[in-house]
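J.: Next up is a structure, given as structure tokens.
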Amino acid sequence: MRTVLERSPIRTYLDFEKPIAELESKVAELRALEDDERAVSIVDEIKKLEQKARAALVDTYSKLTPWQKTQVARHPDRPHCLDFVKALIEDFTPLAGDRYFAEDEAIVGGVGRFRGRSVVLIGHEKGSDTESRIRHNFGMARPEGYRKAVRLMEMAERFNMPVITLIDTAGAYPGVGAEERGQAEAIARSTDCCLAIGVPLISVVIGEGGSGGAIAIATANRILMLEHAIYTVASPEAAASILWRDSAKAIDAATNMKITAQDLDQLGVIDAIITEPIGGAHRDRAAIMKATGDAIERSLSEFEGKSPAEVRRQRHARFMEIGQSL
């Protein structure tokens, strides 16, 4: 008889998913028993439990609170930048270094082909295990990461290649060394470069879009968000510390800051929401990769035939219009 662990990969459940976890665990246990030749037929019972688990999953994810969406955006199994690169970009060639100080692996970038067209891709990479998370500094970039982004965006303009950016960071790294090397100036110059380039820039918030660390590579012609991603001026914990001097009030901060894709779509901050599989992007990676690729392709097609001046004008106008109709 095969064990439950052999039948399916270990799945990480969030606190609010405990009822779903219990049902899916029972399904896995019954499936293991079903493999035992001595076991009686339990197919009907498995189907009933699967339907019940599916219904619970649909019900739970249809009414997520902003804090629960924050947890989903940070889910350890959620696909990260390099997962999207592997699925969407052919012949990807990473380019390293800012030509000033060092290589920052919190931001990955390079050239490749997206559905037949040459592009430059830049994104935050959080890492998927302890070793890679430390190497990528949990997606929190230092100044050299943003200077590398500027170098790649300027190269993209020189060779007339669209830029795709994937946003997934809690914010720029706040360490002493980063501040000594000009963190604020690097973020400002990267944001300015986003506004200045004459090629289309499409940004996708795939997880967390935190503070200036996100905006530095997301001042784009089109900003897309995955359904359960968040985009915020500061993390809920940081905002709670600033407003109430108590990070334990992060749930209150998340609720009041309008950080979800749905809120930001209504406010006109983003342009489109990419629907995730039921239960989050981590439950069906193939589906979310296809949906994201389709959304990026639609956005890029809107700028075909437009001059650099028109591309810049549209980008400036979209940001100037934010908040005008509130």
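FYI, nothing fancy with the structure tokens labels: chains A, B, ... in order, residues from 1 per chain, ligands from 1 as they appear.
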Based on DSSP run over this structure's backbone, return all residues of region 103-145 of chain A in helix (DSSP H, G or I), as a ChimeraX atom specification.

T.: /A:130-135,137-139,143-145

J.: Could you name the residues that touch region 277-279 of chain A at 8 Å or less, counting only C-alpha atoms, but leaving out those on the same chain fewer than 2 positions away, as a list in words?

T.: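 Neighbouring residues, sequence-local ones excluded: Leu57, Val58, Tyr61, Thr275, Ala281, His282, Arg283, Asp284, Ala287 and Ile288 of chain A.
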
J.: For those residues, write C-alpha atoms to a file as a PDB file, in the first residue's frame.

T.:
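To be explicit, this is the file written out as result.pdb:
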```
ATOM      1  CA  LEU A  57     -12.283  25.818  -1.491  1.00  0.00           C
ATOM      2  CA  VAL A  58     -14.570  27.779  -3.819  1.00  0.00           C
ATOM      3  CA  TYR A  61     -11.688  31.910  -1.910  1.00  0.00           C
ATOM      4  CA  THR A 275      -7.848  35.470 -12.663  1.00  0.00           C
ATOM      5  CA  ALA A 281      -1.830  30.412  -8.317  1.00  0.00           C
ATOM      6  CA  HIS A 282       0.145  27.667  -6.578  1.00  0.00           C
ATOM      7  CA  ARG A 283      -2.616  25.080  -7.123  1.00  0.00           C
ATOM      8  CA  ASP A 284      -2.397  25.161 -10.914  1.00  0.00           C
ATOM      9  CA  ALA A 287      -3.081  27.658 -15.813  1.00  0.00           C
ATOM     10  CA  ILE A 288      -1.718  30.824 -14.207  1.00  0.00           C
TER      11      ILE A 288
END
```

J.: Which neighbours of Leu49 (chain A) fall inside 10 Å, counting only C-alpha atoms, when residues of the same chain fewer than 3 positions from it are skipped, and could you give them as a list in words?

T.: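 The residues that qualify are Leu23, Glu24, Ser25, Lys26, Val27, Leu30, Asp44, Glu45, Ile46, Lys52, Ala53, Arg54 and Ala55 of chain A.
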
J.: A:Glu131, A:Asp271, A:Asp104, A:Glu125: which is nearest Ser203 (chain A), counting only C-alpha atoms?

T.: A:Asp271

J.: Looking at A:Asn137, A:Ser307, A:Ser235, A:Ser118, which one is nearest to Thr70 (chain A), with distances taken over only C-alpha atoms?

T.: A:Ser235

J.: Could you make a table, as a tab-separated table, of the residues of region 200-223 of chain A that have an atom within 12 Å of an atom of region 173-182 of chain A, each with its nearest atom pair and distance in Å to one decimal, counting only C-alpha atoms, in chain and number order?

T.:
```
residue	atom	partner	partner_atom	distance
A:Gly210	CA	A:Tyr173	CA	11.0
A:Ser211	CA	A:Tyr173	CA	10.9
A:Gly212	CA	A:Tyr173	CA	10.5
A:Gly213	CA	A:Tyr173	CA	8.1
A:Ala214	CA	A:Tyr173	CA	11.4
```

J.: Compile the contact shell of His124 (chain A) as a VMD selection string: residues with an atom at most 9 Å away, counting only C-alpha atoms, same-chain residues fewer than 6 positions apart removed.

T.: chain A and resid 80 to 82 105 to 109 136 138 to 141 165 to 169 214

J.: Quick one: pull the distance between CA of Gln71 (chain A) and CA of Ile122 (chain A), Å, one decimal.

T.: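 Answer for the CA of Gln71 (chain A) to CA of Ile122 (chain A) separation: 24.2 Å.
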
J.: With only C-alpha atoms as the counted atoms, please give the residues lying no more than 8 Å from region 91-98 of chain A, apart from itself and same-chain residues fewer than 3 positions off, as a PyMOL selection string.

T.: chain A and resi 85+101-104+108-113+144-145+147-149+151

J.: Using only C-alpha atoms, which of the listed residues (A:Val150, A:Glu157, A:Arg135, A:Pro200) sits closest to Ile187 (chain A)?

T.: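 For Ile187 (chain A), the nearest of the given residues is A:Val150.
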
J.: In region 102-179 of chain A, what's strand (DSSP E) per DSSP? Answer as a list of chain:residue names?

T.: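 Secondary structure check on region 102-179 of chain A, strand (DSSP E): A:Ile107, A:Val108, A:Gly109, A:Gly110, A:Val111, A:Gly112, A:Arg113, A:Phe114, A:Arg117, A:Ser118, A:Val119, A:Val120, A:Leu121, A:Ile122, A:Gly123, A:His124, A:Val163, A:Ile164, A:Thr165, A:Leu166, A:Ile167, A:Asp168, A:Thr169.
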
J.: For N, CA and C atoms, I'd like the residues from the last selection saved as a PDB file, in the first residue's frame.

T.:
```pdb
ATOM      1  N   ILE A 107      16.991  41.114  -7.794  1.00  0.00           N
ATOM      2  CA  ILE A 107      16.375  41.451  -9.077  1.00  0.00           C
ATOM      3  C   ILE A 107      17.083  40.662 -10.164  1.00  0.00           C
ATOM      4  N   VAL A 108      16.301  39.868 -10.899  1.00  0.00           N
ATOM      5  CA  VAL A 108      16.862  39.123 -12.033  1.00  0.00           C
ATOM      6  C   VAL A 108      16.442  39.834 -13.310  1.00  0.00           C
ATOM      7  N   GLY A 109      17.282  39.746 -14.312  1.00  0.00           N
ATOM      8  CA  GLY A 109      16.959  40.406 -15.573  1.00  0.00           C
ATOM      9  C   GLY A 109      17.737  39.796 -16.704  1.00  0.00           C
ATOM     10  N   GLY A 110      17.221  39.987 -17.892  1.00  0.00           N
ATOM     11  CA  GLY A 110      17.903  39.466 -19.061  1.00  0.00           C
ATOM     12  C   GLY A 110      17.065  39.622 -20.314  1.00  0.00           C
ATOM     13  N   VAL A 111      17.531  39.010 -21.385  1.00  0.00           N
ATOM     14  CA  VAL A 111      16.828  39.085 -22.667  1.00  0.00           C
ATOM     15  C   VAL A 111      16.345  37.696 -23.063  1.00  0.00           C
ATOM     16  N   GLY A 112      15.290  37.671 -23.833  1.00  0.00           N
ATOM     17  CA  GLY A 112      14.733  36.406 -24.306  1.00  0.00           C
ATOM     18  C   GLY A 112      13.633  36.673 -25.304  1.00  0.00           C
ATOM     19  N   ARG A 113      12.886  35.631 -25.623  1.00  0.00           N
ATOM     20  CA  ARG A 113      11.798  35.769 -26.578  1.00  0.00           C
ATOM     21  C   ARG A 113      10.489  35.396 -25.914  1.00  0.00           C
ATOM     22  N   PHE A 114       9.527  36.308 -26.035  1.00  0.00           N
ATOM     23  CA  PHE A 114       8.187  36.067 -25.508  1.00  0.00           C
ATOM     24  C   PHE A 114       7.221  35.945 -26.677  1.00  0.00           C
ATOM     25  N   ARG A 117       8.551  37.442 -29.947  1.00  0.00           N
ATOM     26  CA  ARG A 117       9.165  38.765 -29.993  1.00  0.00           C
ATOM     27  C   ARG A 117      10.266  38.875 -28.936  1.00  0.00           C
ATOM     28  N   SER A 118      11.326  39.581 -29.289  1.00  0.00           N
ATOM     29  CA  SER A 118      12.433  39.786 -28.362  1.00  0.00           C
ATOM     30  C   SER A 118      12.017  40.776 -27.276  1.00  0.00           C
ATOM     31  N   VAL A 119      12.312  40.447 -26.029  1.00  0.00           N
ATOM     32  CA  VAL A 119      11.937  41.306 -24.906  1.00  0.00           C
ATOM     33  C   VAL A 119      13.075  41.334 -23.884  1.00  0.00           C
ATOM     34  N   VAL A 120      13.021  42.344 -23.044  1.00  0.00           N
ATOM     35  CA  VAL A 120      13.856  42.389 -21.836  1.00  0.00           C
ATOM     36  C   VAL A 120      12.938  42.121 -20.655  1.00  0.00           C
ATOM     37  N   LEU A 121      13.314  41.186 -19.814  1.00  0.00           N
ATOM     38  CA  LEU A 121      12.516  40.875 -18.634  1.00  0.00           C
ATOM     39  C   LEU A 121      13.296  41.211 -17.374  1.00  0.00           C
ATOM     40  N   ILE A 122      12.613  41.868 -16.440  1.00  0.00           N
ATOM     41  CA  ILE A 122      13.203  42.246 -15.149  1.00  0.00           C
ATOM     42  C   ILE A 122      12.202  41.865 -14.063  1.00  0.00           C
ATOM     43  N   GLY A 123      12.665  41.288 -12.984  1.00  0.00           N
ATOM     44  CA  GLY A 123      11.713  40.928 -11.934  1.00  0.00           C
ATOM     45  C   GLY A 123      12.368  40.673 -10.596  1.00  0.00           C
ATOM     46  N   HIS A 124      11.563  40.790  -9.544  1.00  0.00           N
ATOM     47  CA  HIS A 124      12.017  40.438  -8.198  1.00  0.00           C
ATOM     48  C   HIS A 124      11.929  38.930  -8.022  1.00  0.00           C
ATOM     49  N   VAL A 163       9.717  45.932 -22.603  1.00  0.00           N
ATOM     50  CA  VAL A 163      10.177  45.507 -21.279  1.00  0.00           C
ATOM     51  C   VAL A 163       9.002  44.899 -20.515  1.00  0.00           C
ATOM     52  N   ILE A 164       9.218  43.721 -19.928  1.00  0.00           N
ATOM     53  CA  ILE A 164       8.238  43.080 -19.058  1.00  0.00           C
ATOM     54  C   ILE A 164       8.840  43.017 -17.665  1.00  0.00           C
ATOM     55  N   THR A 165       8.116  43.501 -16.665  1.00  0.00           N
ATOM     56  CA  THR A 165       8.616  43.417 -15.291  1.00  0.00           C
ATOM     57  C   THR A 165       7.648  42.609 -14.436  1.00  0.00           C
ATOM     58  N   LEU A 166       8.197  41.772 -13.576  1.00  0.00           N
ATOM     59  CA  LEU A 166       7.417  40.936 -12.664  1.00  0.00           C
ATOM     60  C   LEU A 166       7.689  41.395 -11.237  1.00  0.00           C
ATOM     61  N   ILE A 167       6.643  41.833 -10.569  1.00  0.00           N
ATOM     62  CA  ILE A 167       6.781  42.471  -9.261  1.00  0.00           C
ATOM     63  C   ILE A 167       6.437  41.496  -8.149  1.00  0.00           C
ATOM     64  N   ASP A 168       7.375  41.316  -7.218  1.00  0.00           N
ATOM     65  CA  ASP A 168       7.124  40.430  -6.078  1.00  0.00           C
ATOM     66  C   ASP A 168       8.129  40.741  -4.979  1.00  0.00           C
ATOM     67  N   THR A 169       7.861  41.770  -4.213  1.00  0.00           N
ATOM     68  CA  THR A 169       8.787  42.184  -3.160  1.00  0.00           C
ATOM     69  C   THR A 169       8.027  42.838  -2.012  1.00  0.00           C
TER      70      THR A 169
END
```

J.: Excluding same-chain residues fewer than 4 positions from Asp192 (chain A), what lies within 9 Å of it counting only C-alpha atoms, as a list in words?

T.: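 So the residues in contact are Ile187, Ala188, Ala196, Ile197, Ala216 and Thr219 of chain A.
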
J.: Could you list, as a count of residues only, every residue within 9 Å of region 297-305 of chain A, counting only C-alpha atoms and ignoring same-chain residues fewer than 3 positions away?

T.: 14

J.: Expressed in Å to a single decimal, how great is the separation between CA of Gly198 (chain A) and CA of Ala317 (chain A)?

T.: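 Straight-line distance from CA of Gly198 (chain A) to CA of Ala317 (chain A) works out to 14.1 Å.
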
J.: One decimal, Å: what's the distance from CA of Leu243 (chain A) over to CA of Asp265 (chain A), could you say?

T.: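 Atom-to-atom, CA of Leu243 (chain A) to CA of Asp265 (chain A), that is 25.0 Å.
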